>>> print(open('coords_6.csv').read())   # CSV, N, CA and C atoms
chain,number,residue,atom,x,y,z
A,130,MET,N,26.5,-26.5,-28.2
A,130,MET,CA,25.7,-25.3,-28.2
A,130,MET,C,25.3,-24.9,-26.8
A,131,LYS,N,25.4,-23.7,-26.5
A,131,LYS,CA,25.1,-23.2,-25.2
A,131,LYS,C,23.6,-23.0,-25.1
A,132,SER,N,23.0,-23.5,-24.0
A,132,SER,CA,21.5,-23.4,-23.8
A,132,SER,C,21.3,-22.4,-22.7
A,133,SER,N,20.5,-21.4,-23.0
A,133,SER,CA,20.3,-20.3,-22.0
A,133,SER,C,18.8,-19.9,-22.0
A,134,VAL,N,18.5,-19.3,-20.8
A,134,VAL,CA,17.1,-18.8,-20.6
A,134,VAL,C,17.4,-17.4,-20.0
A,135,TRP,N,16.5,-16.4,-20.4
A,135,TRP,CA,16.6,-15.1,-19.8
A,135,TRP,C,15.7,-15.0,-18.6
A,136,VAL,N,16.1,-14.4,-17.5
A,136,VAL,CA,15.3,-14.1,-16.4
A,136,VAL,C,15.1,-12.6,-16.3
A,137,VAL,N,13.9,-12.2,-16.2
A,137,VAL,CA,13.5,-10.8,-16.1
A,137,VAL,C,12.8,-10.7,-14.8
A,138,GLU,N,13.3,-9.8,-13.9
A,138,GLU,CA,12.7,-9.6,-12.6
A,138,GLU,C,12.1,-8.3,-12.4
A,139,THR,N,11.0,-8.2,-11.7
A,139,THR,CA,10.3,-7.0,-11.3
A,139,THR,C,9.7,-7.2,-10.0
A,140,THR,N,9.1,-6.1,-9.4
A,140,THR,CA,8.3,-6.2,-8.2
A,140,THR,C,7.0,-5.6,-8.4
A,141,LEU,N,6.0,-6.0,-7.6
A,141,LEU,CA,4.7,-5.5,-7.6
A,141,LEU,C,4.3,-5.1,-6.2
A,142,PRO,N,3.3,-4.3,-6.1
A,142,PRO,CA,2.9,-3.8,-4.8
A,142,PRO,C,2.5,-4.9,-3.8
A,143,GLY,N,3.0,-4.8,-2.6
A,143,GLY,CA,2.8,-5.8,-1.5
A,143,GLY,C,1.4,-5.9,-1.1
A,144,ASP,N,0.6,-4.8,-1.3
A,144,ASP,CA,-0.8,-4.9,-0.9
A,144,ASP,C,-1.7,-5.5,-2.0
A,145,TRP,N,-1.1,-5.9,-3.1
A,145,TRP,CA,-1.9,-6.7,-4.1
A,145,TRP,C,-2.2,-8.1,-3.5
A,146,SER,N,-3.3,-8.6,-3.8
A,146,SER,CA,-3.7,-10.0,-3.3
A,146,SER,C,-3.0,-11.0,-4.2
A,147,GLU,N,-2.9,-12.2,-3.7
A,147,GLU,CA,-2.3,-13.3,-4.5
A,147,GLU,C,-3.0,-13.5,-5.9
A,148,SER,N,-4.3,-13.3,-5.9
A,148,SER,CA,-5.1,-13.5,-7.1
A,148,SER,C,-4.7,-12.3,-8.1
A,149,MET,N,-4.5,-11.1,-7.6
A,149,MET,CA,-4.1,-10.0,-8.5
A,149,MET,C,-2.8,-10.2,-9.1
A,150,VAL,N,-1.8,-10.7,-8.3
A,150,VAL,CA,-0.5,-11.0,-8.8
A,150,VAL,C,-0.5,-12.2,-9.8
A,151,GLY,N,-1.3,-13.2,-9.5
A,151,GLY,CA,-1.5,-14.3,-10.4
A,151,GLY,C,-2.1,-13.9,-11.7
A,152,GLU,N,-3.1,-13.0,-11.7
A,152,GLU,CA,-3.7,-12.5,-13.0
A,152,GLU,C,-2.6,-11.7,-13.8
A,153,TRP,N,-1.8,-10.9,-13.1
A,153,TRP,CA,-0.8,-10.1,-13.8
A,153,TRP,C,0.2,-11.0,-14.5
A,154,CYS,N,0.6,-12.1,-13.8
A,154,CYS,CA,1.5,-13.0,-14.4
A,154,CYS,C,0.9,-13.8,-15.5
A,155,TYR,N,-0.4,-14.2,-15.3
A,155,TYR,CA,-1.1,-15.0,-16.2
A,155,TYR,C,-1.2,-14.3,-17.6
A,156,LYS,N,-1.5,-13.0,-17.5
A,156,LYS,CA,-1.6,-12.2,-18.8
A,156,LYS,C,-0.3,-12.2,-19.6
A,157,LEU,N,0.8,-12.2,-18.9
A,157,LEU,CA,2.1,-12.2,-19.6
A,157,LEU,C,2.4,-13.6,-20.2
A,158,VAL,N,2.0,-14.6,-19.5
A,158,VAL,CA,2.2,-16.0,-20.0
A,158,VAL,C,1.3,-16.2,-21.2
A,159,ASP,N,0.0,-15.8,-21.0
A,159,ASP,CA,-1.0,-16.0,-22.0
A,159,ASP,C,-0.7,-15.2,-23.3
A,160,ALA,N,0.0,-14.1,-23.2
A,160,ALA,CA,0.4,-13.3,-24.3
A,160,ALA,C,1.6,-13.8,-25.0
A,161,GLY,N,2.2,-14.9,-24.4
A,161,GLY,CA,3.4,-15.5,-25.1
A,161,GLY,C,4.7,-14.8,-24.8
A,162,LEU,N,4.7,-13.9,-23.8
A,162,LEU,CA,5.9,-13.1,-23.6
A,162,LEU,C,6.9,-13.8,-22.6
A,163,MET,N,6.4,-14.7,-21.9
A,163,MET,CA,7.2,-15.5,-21.0
A,163,MET,C,6.6,-16.9,-20.8
A,164,ALA,N,7.5,-17.9,-20.5
A,164,ALA,CA,7.1,-19.2,-20.4
A,164,ALA,C,6.5,-19.5,-19.0
A,165,CYS,N,7.0,-18.9,-18.0
A,165,CYS,CA,6.5,-19.0,-16.6
A,165,CYS,C,7.0,-17.9,-15.7
A,166,ALA,N,6.4,-17.8,-14.6
A,166,ALA,CA,6.8,-16.8,-13.6
A,166,ALA,C,6.8,-17.5,-12.2
A,167,HIS,N,7.7,-17.0,-11.4
A,167,HIS,CA,7.7,-17.4,-9.9
A,167,HIS,C,7.4,-16.1,-9.2
A,168,ARG,N,6.6,-16.2,-8.2
A,168,ARG,CA,6.3,-15.0,-7.4
A,168,ARG,C,6.4,-15.4,-5.9
A,169,SER,N,6.9,-14.4,-5.2
A,169,SER,CA,7.1,-14.6,-3.7
A,169,SER,C,7.0,-13.2,-3.0
A,170,LYS,N,6.6,-13.3,-1.8
A,170,LYS,CA,6.5,-12.0,-1.0
A,170,LYS,C,7.9,-11.7,-0.4
A,171,ILE,N,8.3,-10.5,-0.5
A,171,ILE,CA,9.5,-10.0,0.0
A,171,ILE,C,9.3,-8.7,0.8
A,172,THR,N,10.4,-8.2,1.4
A,172,THR,CA,10.4,-6.9,2.0
A,172,THR,C,11.5,-6.1,1.3
A,173,SER,N,11.2,-5.0,0.7
A,173,SER,CA,12.2,-4.2,0.0
A,173,SER,C,12.5,-2.9,0.8
A,174,THR,N,13.8,-2.6,0.9
A,174,THR,CA,14.3,-1.4,1.5
A,174,THR,C,14.9,-0.6,0.5
A,175,TYR,N,14.5,0.7,0.3
A,175,TYR,CA,15.0,1.5,-0.8
A,175,TYR,C,14.8,3.0,-0.4
A,176,ARG,N,15.5,3.8,-1.2
A,176,ARG,CA,15.3,5.3,-1.1
A,176,ARG,C,14.4,5.7,-2.2
A,177,TRP,N,13.4,6.5,-1.9
A,177,TRP,CA,12.4,7.0,-2.9
A,177,TRP,C,12.1,8.4,-2.5
A,178,LYS,N,12.4,9.4,-3.4
A,178,LYS,CA,12.2,10.8,-3.1
A,178,LYS,C,12.8,11.2,-1.8
A,179,ASP,N,14.1,10.9,-1.6
A,179,ASP,CA,14.9,11.2,-0.5
A,179,ASP,C,14.5,10.7,0.9
A,180,VAL,N,13.6,9.6,0.8
A,180,VAL,CA,13.2,9.0,2.1
A,180,VAL,C,13.5,7.5,2.0
A,181,VAL,N,14.2,7.0,3.0
A,181,VAL,CA,14.4,5.5,3.0
A,181,VAL,C,13.1,4.9,3.5
A,182,GLN,N,12.7,3.9,2.8
A,182,GLN,CA,11.4,3.2,3.1
A,182,GLN,C,11.7,1.7,3.1
A,183,SER,N,10.8,1.0,3.8
A,183,SER,CA,10.8,-0.5,3.8
A,183,SER,C,9.4,-1.0,3.7
A,184,ASN,N,9.1,-1.7,2.6
A,184,ASN,CA,7.7,-2.1,2.4
A,184,ASN,C,7.7,-3.5,1.8
A,185,PRO,N,6.5,-4.2,2.1
A,185,PRO,CA,6.3,-5.5,1.5
A,185,PRO,C,6.1,-5.3,0.0
A,186,GLU,N,6.6,-6.3,-0.8
A,186,GLU,CA,6.3,-6.3,-2.3
A,186,GLU,C,6.2,-7.8,-2.7
A,187,TRP,N,5.8,-7.9,-3.9
A,187,TRP,CA,5.9,-9.2,-4.6
A,187,TRP,C,7.1,-9.2,-5.5
A,188,GLN,N,7.9,-10.2,-5.4
A,188,GLN,CA,9.0,-10.3,-6.4
A,188,GLN,C,8.6,-11.3,-7.5
A,189,ILE,N,8.7,-10.8,-8.7
A,189,ILE,CA,8.3,-11.6,-9.8
A,189,ILE,C,9.5,-12.0,-10.7
A,190,GLN,N,9.7,-13.3,-10.9
A,190,GLN,CA,10.9,-13.7,-11.7
A,190,GLN,C,10.3,-14.4,-12.9
A,191,CYS,N,10.5,-13.8,-14.1
A,191,CYS,CA,9.9,-14.3,-15.3
A,191,CYS,C,11.0,-15.0,-16.1
A,192,LYS,N,10.6,-16.2,-16.7
A,192,LYS,CA,11.6,-16.9,-17.6
A,192,LYS,C,11.1,-16.7,-19.0
A,193,THR,N,12.0,-16.3,-19.8
A,193,THR,CA,11.7,-16.0,-21.2
A,193,THR,C,12.9,-16.3,-22.1
A,194,SER,N,12.7,-16.2,-23.4
A,194,SER,CA,13.8,-16.4,-24.4
A,194,SER,C,14.4,-15.1,-24.8
A,195,GLU,N,15.6,-15.2,-25.4
A,195,GLU,CA,16.2,-13.9,-25.9
A,195,GLU,C,15.3,-13.2,-26.9
A,196,SER,N,14.6,-14.0,-27.7
A,196,SER,CA,13.8,-13.4,-28.8
A,196,SER,C,12.6,-12.6,-28.2
A,197,LYS,N,12.1,-13.0,-27.0
A,197,LYS,CA,11.0,-12.4,-26.4
A,197,LYS,C,11.3,-11.4,-25.3
A,198,LYS,N,12.6,-11.4,-24.9
A,198,LYS,CA,13.0,-10.6,-23.7
A,198,LYS,C,12.6,-9.1,-23.8
A,199,GLN,N,12.9,-8.4,-24.9
A,199,GLN,CA,12.6,-7.0,-25.0
A,199,GLN,C,11.1,-6.7,-25.1
A,200,PHE,N,10.4,-7.6,-25.7
A,200,PHE,CA,8.9,-7.4,-25.7
A,200,PHE,C,8.3,-7.5,-24.3
A,201,LEU,N,8.9,-8.5,-23.5
A,201,LEU,CA,8.4,-8.6,-22.1
A,201,LEU,C,8.8,-7.4,-21.3
A,202,ILE,N,10.0,-6.9,-21.5
A,202,ILE,CA,10.4,-5.7,-20.8
A,202,ILE,C,9.6,-4.5,-21.1
A,203,ASP,N,9.3,-4.3,-22.4
A,203,ASP,CA,8.4,-3.2,-22.9
A,203,ASP,C,7.0,-3.3,-22.3
A,204,GLU,N,6.5,-4.5,-22.2
A,204,GLU,CA,5.1,-4.7,-21.7
A,204,GLU,C,5.1,-4.4,-20.2
A,205,ILE,N,6.1,-4.8,-19.5
A,205,ILE,CA,6.2,-4.5,-18.0
A,205,ILE,C,6.3,-3.0,-17.8
A,206,GLN,N,7.2,-2.3,-18.5
A,206,GLN,CA,7.3,-0.9,-18.4
A,206,GLN,C,6.0,-0.1,-18.7
A,207,THR,N,5.3,-0.6,-19.7
A,207,THR,CA,4.1,0.1,-20.2
A,207,THR,C,3.0,-0.1,-19.2
A,208,ASN,N,2.8,-1.3,-18.6
A,208,ASN,CA,1.6,-1.6,-17.8
A,208,ASN,C,1.9,-1.8,-16.4
A,209,HIS,N,3.0,-1.3,-15.9
A,209,HIS,CA,3.3,-1.5,-14.5
A,209,HIS,C,2.7,-0.4,-13.6
A,210,PRO,N,2.3,-0.8,-12.4
A,210,PRO,CA,1.6,0.2,-11.5
A,210,PRO,C,2.6,1.2,-10.9
A,211,TYR,N,3.9,0.9,-10.9
A,211,TYR,CA,4.8,1.9,-10.3
A,211,TYR,C,5.2,2.9,-11.3
A,212,ASP,N,5.6,4.1,-10.8
A,212,ASP,CA,6.1,5.2,-11.7
A,212,ASP,C,7.5,4.7,-12.3
A,213,LEU,N,8.3,4.1,-11.5
A,213,LEU,CA,9.6,3.6,-11.9
A,213,LEU,C,9.7,2.1,-11.5
A,214,PRO,N,9.3,1.2,-12.4
A,214,PRO,CA,9.4,-0.2,-12.0
A,214,PRO,C,10.8,-0.7,-12.1
A,215,MET,N,11.1,-1.6,-11.1
A,215,MET,CA,12.4,-2.3,-11.2
A,215,MET,C,12.3,-3.3,-12.3
A,216,VAL,N,13.2,-3.2,-13.2
A,216,VAL,CA,13.3,-4.3,-14.2
A,216,VAL,C,14.7,-4.6,-14.4
A,217,ILE,N,15.1,-5.8,-14.0
A,217,ILE,CA,16.5,-6.3,-14.3
A,217,ILE,C,16.4,-7.6,-15.0
A,218,CYS,N,17.4,-7.9,-15.8
A,218,CYS,CA,17.4,-9.1,-16.5
A,218,CYS,C,18.8,-9.7,-16.6
A,219,PHE,N,18.9,-11.0,-16.7
A,219,PHE,CA,20.1,-11.6,-16.9
A,219,PHE,C,20.0,-13.0,-17.6
A,220,GLU,N,21.0,-13.4,-18.3
A,220,GLU,CA,21.0,-14.6,-19.0
A,220,GLU,C,21.5,-15.7,-18.1
A,221,THR,N,20.9,-16.9,-18.1
A,221,THR,CA,21.3,-18.0,-17.2
A,221,THR,C,21.5,-19.2,-18.1
A,222,GLU,N,22.4,-20.0,-17.7
A,222,GLU,CA,22.6,-21.3,-18.4
A,222,GLU,C,21.5,-22.3,-18.0
A,223,SER,N,21.1,-23.1,-18.9
A,223,SER,CA,20.0,-24.0,-18.7
A,223,SER,C,20.3,-25.4,-19.4
A,224,THR,N,19.5,-26.3,-19.0
A,224,THR,CA,19.5,-27.6,-19.8
A,224,THR,C,18.9,-27.3,-21.1
A,225,ALA,N,19.3,-28.0,-22.1
A,225,ALA,CA,18.8,-27.8,-23.5
A,225,ALA,C,17.3,-28.0,-23.5
A,226,GLU,N,16.8,-29.0,-22.8
A,226,GLU,CA,15.4,-29.3,-22.8
A,226,GLU,C,14.6,-28.1,-22.3
A,227,TYR,N,15.0,-27.6,-21.1
A,227,TYR,CA,14.3,-26.5,-20.5
A,227,TYR,C,14.3,-25.2,-21.4
A,228,ALA,N,15.5,-24.9,-21.9
A,228,ALA,CA,15.7,-23.8,-22.8
A,228,ALA,C,14.7,-23.9,-24.0
A,229,GLU,N,14.6,-25.1,-24.6
A,229,GLU,CA,13.8,-25.3,-25.7
A,229,GLU,C,12.3,-25.1,-25.3
A,230,TRP,N,11.9,-25.6,-24.2
A,230,TRP,CA,10.5,-25.4,-23.7
A,230,TRP,C,10.2,-23.9,-23.5
A,231,VAL,N,11.2,-23.1,-22.9
A,231,VAL,CA,11.0,-21.7,-22.8
A,231,VAL,C,10.8,-21.0,-24.1
A,232,GLU,N,11.7,-21.4,-25.1
A,232,GLU,CA,11.6,-20.8,-26.4
A,232,GLU,C,10.2,-21.1,-27.1
A,233,GLN,N,9.7,-22.3,-26.9
A,233,GLN,CA,8.5,-22.7,-27.5
A,233,GLN,C,7.2,-22.1,-26.8
A,234,ASN,N,7.4,-21.6,-25.6
A,234,ASN,CA,6.3,-21.1,-24.8
A,234,ASN,C,6.4,-19.7,-24.6
>>> encode(input="coords_6.csv", output="structure tokens")
Amino acid sequence: MKSSVWVVETTLPGDWSESMVGEWCYKLVDAGLMACAHRSKITSTYRWKDVVQSNPEWQIQCKTSESKKQFLIDEIQTNHPYDLPMVICFETESTAEYAEWVEQN
């Protein structure tokens, strides 16, 4: 049997404090939409409204199960501070034990 975990990534504003980002992630874990999240500061370069920009952001990597993935994506899109949030997801292979933990949490 193939064991897998879904990773859903998004970004949050770079001017948010560590505690604000932590609270944002906590709410999604507490709601049962993801088992855990990793967060780190990054710099993003992108085109927005015909202007190339480079800004600090928080990269959020959420671990979830296939059964919860769409609910997590819907919640991110509904309650995200950006007009157009980056939401990408991909399936990853995992140990059976970790995949089971993600499914249960």
>>> residues_near_point(input="coords_6.csv", point="(10.9, 0.0, 1.5)", cutoff="12 Å", atoms="only C-alpha atoms", output="MDAnalysis selection string")
chainID A and resid 140 142:143 171:178 180:186
>>> residues_around(input="coords_6.csv", residues="A:Ser132", least_positions_apart="3", cutoff="6 Å", atoms="all atoms listed in the file", output="VMD selection string")
chain A and resid 221 to 225 228
>>> residues_around(input="coords_6.csv", residues="stretch 158-162 of chain A", least_positions_apart="5", cutoff="6.5 Å", atoms="only N, CA and C atoms", output="list in words")
Trp153, Lys192, Thr193, Ser194, Lys197, Phe200, Leu201 and Asn234 of chain A
>>> residues_near_point(input="coords_6.csv", point="(16.0, -14.3, -23.1)", cutoff="6.5 Å", atoms="all atoms listed in the file", output="ChimeraX atom specification")
/A:133-136,193-198,220
>>> write_last_selection(input="coords_6.csv", atoms="N, CA and C atoms", output="mmCIF file, in the coordinates of the input")
data_model
loop_
_atom_site.group_PDB
_atom_site.id
_atom_site.type_symbol
_atom_site.label_atom_id
_atom_site.label_comp_id
_atom_site.auth_asym_id
_atom_site.auth_seq_id
_atom_site.Cartn_x
_atom_site.Cartn_y
_atom_site.Cartn_z
ATOM 1 N N SER A 133 20.500 -21.400 -23.000
ATOM 2 C CA SER A 133 20.300 -20.300 -22.000
ATOM 3 C C SER A 133 18.800 -19.900 -22.000
ATOM 4 N N VAL A 134 18.500 -19.300 -20.800
ATOM 5 C CA VAL A 134 17.100 -18.800 -20.600
ATOM 6 C C VAL A 134 17.400 -17.400 -20.000
ATOM 7 N N TRP A 135 16.500 -16.400 -20.400
ATOM 8 C CA TRP A 135 16.600 -15.100 -19.800
ATOM 9 C C TRP A 135 15.700 -15.000 -18.600
ATOM 10 N N VAL A 136 16.100 -14.400 -17.500
ATOM 11 C CA VAL A 136 15.300 -14.100 -16.400
ATOM 12 C C VAL A 136 15.100 -12.600 -16.300
ATOM 13 N N THR A 193 12.000 -16.300 -19.800
ATOM 14 C CA THR A 193 11.700 -16.000 -21.200
ATOM 15 C C THR A 193 12.900 -16.300 -22.100
ATOM 16 N N SER A 194 12.700 -16.200 -23.400
ATOM 17 C CA SER A 194 13.800 -16.400 -24.400
ATOM 18 C C SER A 194 14.400 -15.100 -24.800
ATOM 19 N N GLU A 195 15.600 -15.200 -25.400
ATOM 20 C CA GLU A 195 16.200 -13.900 -25.900
ATOM 21 C C GLU A 195 15.300 -13.200 -26.900
ATOM 22 N N SER A 196 14.600 -14.000 -27.700
ATOM 23 C CA SER A 196 13.800 -13.400 -28.800
ATOM 24 C C SER A 196 12.600 -12.600 -28.200
ATOM 25 N N LYS A 197 12.100 -13.000 -27.000
ATOM 26 C CA LYS A 197 11.000 -12.400 -26.400
ATOM 27 C C LYS A 197 11.300 -11.400 -25.300
ATOM 28 N N LYS A 198 12.600 -11.400 -24.900
ATOM 29 C CA LYS A 198 13.000 -10.600 -23.700
ATOM 30 C C LYS A 198 12.600 -9.100 -23.800
ATOM 31 N N GLU A 220 21.000 -13.400 -18.300
ATOM 32 C CA GLU A 220 21.000 -14.600 -19.000
ATOM 33 C C GLU A 220 21.500 -15.700 -18.100
#
>>> atom_distance(input="coords_6.csv", atom1="atom CA of A:Trp187", atom2="atom CA of A:Met149")
10.8 Å
>>> select_by_dssp(input="coords_6.csv", residues="stretch 139-232 of chain A", states="alpha helix (DSSP H)", output="PyMOL selection string")
chain A and resi 147-159+195-207+225-232
>>> residues_around(input="coords_6.csv", residues="A:Glu147", least_positions_apart="3", cutoff="10 Å", atoms="only C-alpha atoms", output="list of chain:residue names")
A:Gly143, A:Asp144, A:Val150, A:Gly151, A:Glu152, A:Trp153, A:Arg168, A:Ser169, A:Lys170, A:Trp187
>>> atom_distance(input="coords_6.csv", atom1="atom CA of A:Gln233", atom2="atom CA of A:Met163")
9.8 Å
>>> atom_distance(input="coords_6.csv", atom1="atom C of A:Thr139", atom2="atom CA of A:Trp230")
22.8 Å
>>> closest_residue(input="coords_6.csv", among="A:Asp203, A:Ala166, A:Glu229, A:Cys218", to="A:Ile189", atoms="only C-alpha atoms")
A:Ala166
>>> select_by_dssp(input="coords_6.csv", residues="chain A", states="strand (DSSP E or B)", output="VMD selection string")
chain A and resid 133 to 142 165 to 177 180 to 193 217 to 222
>>> closest_residue(input="coords_6.csv", among="A:Glu232, A:Asp179, A:His167, A:Gln206", to="A:Cys154", atoms="only N, CA and C atoms")
A:His167
>>> axis_aligned_box(input="coords_6.csv", around="stretch 151-168 of chain A", padding_each_side="6 Å", output="lines of an AutoDock Vina configuration file")
center_x = 2.0
center_y = -14.8
center_z = -15.5
size_x = 23.4
size_y = 21.4
size_z = 31.2
